[in-house]
Amino acid sequence: MGTRAPQGLLLLLLLRLLLPRGASAGSLHSPGLSECFRVNGADYRGHQNRTGPRGAGRPCLYWDQTQQHSYSSASDPHGRWGLGAHNFCRNPDGDVQPWCYVAETEEGIYWRYCDIPTCHMPGYLGCFVDSGAPPALSGPSGTSTKLTVQVCLRFCRMKGYQLAGVEAGYACFCGSESDLARGRPAPATDCDQICFGHPGQLCGGDGRLGIYEVSVGSCQGNWTAPQGVIYSPDFPDEYGPDRNCSWALGPPGAALELTFRLFELADPRDQLELRDAASGSLLRAFDGARPPPPGPLRLRSAALLLTFRSDARGHAQGFALTYRGLQDADDPAPSKGSAQTPAGPPDGANVSCSPRPGAPEAAIGGAACWLRVKGPQRWGLPGTPQEAGPFGTAGLEGSPCPVLPGTPRLRV
């Protein structure tokens, strides 16, 4: 027992040293109330029933009256996709964002995406104009026909930048908060291009950057903001095999409250451990067969060490958890179902994460432009007839997409 405290404190100190001076990773500052923690809003269970926010856009059809279409409450008897006797926007087919049917027949435009301001995962800062002169994000950039959101985040994180921006489905740009301060916001619907490397994600638009904080999906970090969100490694992509990641969690207060918004591990060999940072003692352990309990989990520890390990075969969506520091373990809990995003960081706070010294340079690097139809076939990446896409199908046909002139390709 006497040796555990120094080990725990040493781990906490090492994690702090991994961050650049002045950094405070985890200060995700998306404002307001977040109703989504998946990048494509598949977990949205809100009540917006029109294609536009605040009563704008076209009204949605009721899901129990859409049996003539591919998706209806009859096709979701157990409620897995959130369909039912209502007309709220949902994402039952793993598309890039929630949508709904707007017409009884399939002639012309019979479905539309929903623009839901509260359905953007914490760490996504929004859609911004990129005129190119000067670029909206002033750091390194590159293109890749295998681009995903995390591929770009990883590239910029390893370059030492705070922000990562995806554009036109295949371009990645890095920048800092000073770039964001002079950025010009664009409507959320302008960032509508599907990522070349993942048909369930959006990667900006034409002349539009979807900007993220690079701490999303990092494999390590020191989280000291009063409240925030921690994602599994590689999120919003699936975590990979042989991952061994740790996060130090020490917000102000005498106790901690964690709420798991998403938890999908592949099997019992993929594990998440919660340890007291001071003593190193194990407080909780969860895996693919033992998920965390629903609702808030309160721990009488001022600081935690979270460790995630996956085996050689493990890959799944992973987890997203919100935390907040408590002055006392008996502090009142937030209302059921709320998912408050973190408050903004103090002035001058730096929200970047950094890789371990000597980590290999990020590598991102064909795919096709996409047809958009609604039907029983899942989205998939085009490829050779023998090549399966990410959903186990050969995918939809497409056409080659251009590369911006003069933009370097990221190394594969």
# chains A, B, ... in the order shown; residues from 1 in each chain; ligands from 1

$ residues_around --residues "region 267-278 of chain A" --least-positions-apart "5" --cutoff "10 Å" --atoms "only C-alpha atoms" --output "ChimeraX atom specification"
/A:4-13,232,241-250,283-292,299-316,318-319

$ write_last_selection --atoms "C-alpha atoms" --output "compact mmCIF listing (two decimals), in the first residue's frame"
# COMPACT_ATOMS: atom_id res chain seq x y z
CA ARG A 4 0.91 3.16 -4.58
CA ALA A 5 0.76 6.86 -3.81
CA PRO A 6 4.16 7.70 -5.38
CA GLN A 7 3.27 5.64 -8.48
CA GLY A 8 -0.04 7.43 -8.91
CA LEU A 9 1.49 10.84 -8.41
CA LEU A 10 4.29 9.98 -10.83
CA LEU A 11 1.77 9.02 -13.51
CA LEU A 12 -0.11 12.27 -12.97
CA LEU A 13 3.11 14.28 -13.19
CA SER A 232 -11.99 7.25 -26.70
CA PRO A 241 -6.13 -2.57 -31.98
CA ASP A 242 -3.38 -2.47 -29.36
CA ARG A 243 -4.32 0.97 -28.05
CA ASN A 244 -2.93 1.93 -24.64
CA CYS A 245 -4.10 5.41 -23.65
CA SER A 246 -4.27 7.42 -20.42
CA TRP A 247 -5.91 10.66 -19.37
CA ALA A 248 -5.37 12.64 -16.16
CA LEU A 249 -8.61 14.16 -14.91
CA GLY A 250 -8.34 16.82 -12.21
CA LEU A 283 -12.09 2.46 -8.43
CA ARG A 284 -14.01 1.08 -11.40
CA ALA A 285 -13.31 -1.14 -14.42
CA PHE A 286 -15.52 -1.52 -17.50
CA ASP A 287 -15.19 -3.59 -20.66
CA GLY A 288 -17.18 -4.88 -23.62
CA ALA A 289 -19.14 -7.27 -21.38
CA ARG A 290 -19.41 -4.97 -18.34
CA PRO A 291 -20.61 -1.52 -19.40
CA PRO A 292 -20.87 1.38 -16.96
CA LEU A 299 -16.54 9.19 -7.22
CA ARG A 300 -15.08 10.56 -3.99
CA SER A 301 -11.76 11.37 -5.66
CA ALA A 302 -10.45 14.80 -6.52
CA ALA A 303 -8.41 13.47 -9.46
CA LEU A 304 -8.56 10.37 -11.64
CA LEU A 305 -6.36 8.45 -14.01
CA LEU A 306 -8.33 6.89 -16.87
CA THR A 307 -6.63 4.09 -18.79
CA PHE A 308 -7.98 2.41 -21.92
CA ARG A 309 -6.49 -0.70 -23.52
CA SER A 310 -7.64 -2.66 -26.55
CA ASP A 311 -6.41 -6.07 -27.63
CA ALA A 312 -4.85 -7.06 -30.95
CA ARG A 313 -8.26 -7.47 -32.60
CA GLY A 314 -10.25 -4.77 -30.87
CA HIS A 315 -12.04 -2.06 -32.82
CA ALA A 316 -15.39 -0.43 -32.07
CA GLY A 318 -15.55 3.45 -28.21
CA PHE A 319 -16.87 5.84 -25.59

$ select_by_dssp --residues "region 55-270 of chain A" --states "alpha helix (DSSP H)" --output "list of chain:residue names"
A:Val149, A:Gln150, A:Val151, A:Cys152, A:Leu153, A:Arg154, A:Phe155, A:Cys156, A:Arg157, A:Met158, A:Glu177, A:Ser178, A:Asp179, A:Leu180, A:Ala181

$ atom_distance --atom1 "CA of Cys174 (chain A)" --atom2 "CA of Pro187 (chain A)"
20.9 Å

$ atom_distance --atom1 "CA of Asp130 (chain A)" --atom2 "CA of Phe173 (chain A)"
10.5 Å

$ residues_around --residues "Ala85 (chain A)" --least-positions-apart "6" --cutoff "10 Å" --atoms "only C-alpha atoms" --output "PyMOL selection string"
chain A and resi 62-65+72-73

$ write_last_selection --atoms "N, CA, C and O atoms" --output "CSV table (one decimal), in the first residue's frame"
chain,number,residue,atom,x,y,z
A,62,TYR,N,-44.5,11.7,-40.0
A,62,TYR,CA,-44.4,10.8,-38.8
A,62,TYR,C,-43.9,9.5,-39.2
A,62,TYR,O,-44.2,8.9,-40.3
A,63,TRP,N,-43.0,8.9,-38.4
A,63,TRP,CA,-42.3,7.7,-38.7
A,63,TRP,C,-43.3,6.5,-38.7
A,63,TRP,O,-43.0,5.5,-39.4
A,64,ASP,N,-44.4,6.6,-38.0
A,64,ASP,CA,-45.4,5.5,-38.1
A,64,ASP,C,-46.3,5.6,-39.3
A,64,ASP,O,-47.3,4.9,-39.4
A,65,GLN,N,-46.1,6.6,-40.2
A,65,GLN,CA,-46.8,6.8,-41.4
A,65,GLN,C,-46.0,6.8,-42.6
A,65,GLN,O,-46.3,7.3,-43.7
A,72,SER,N,-39.3,3.2,-41.1
A,72,SER,CA,-40.5,3.6,-40.4
A,72,SER,C,-40.5,3.0,-39.0
A,72,SER,O,-39.6,2.2,-38.7
A,73,SER,N,-41.5,3.3,-38.2
A,73,SER,CA,-41.5,2.7,-36.9
A,73,SER,C,-41.7,1.2,-37.0
A,73,SER,O,-41.2,0.5,-36.1
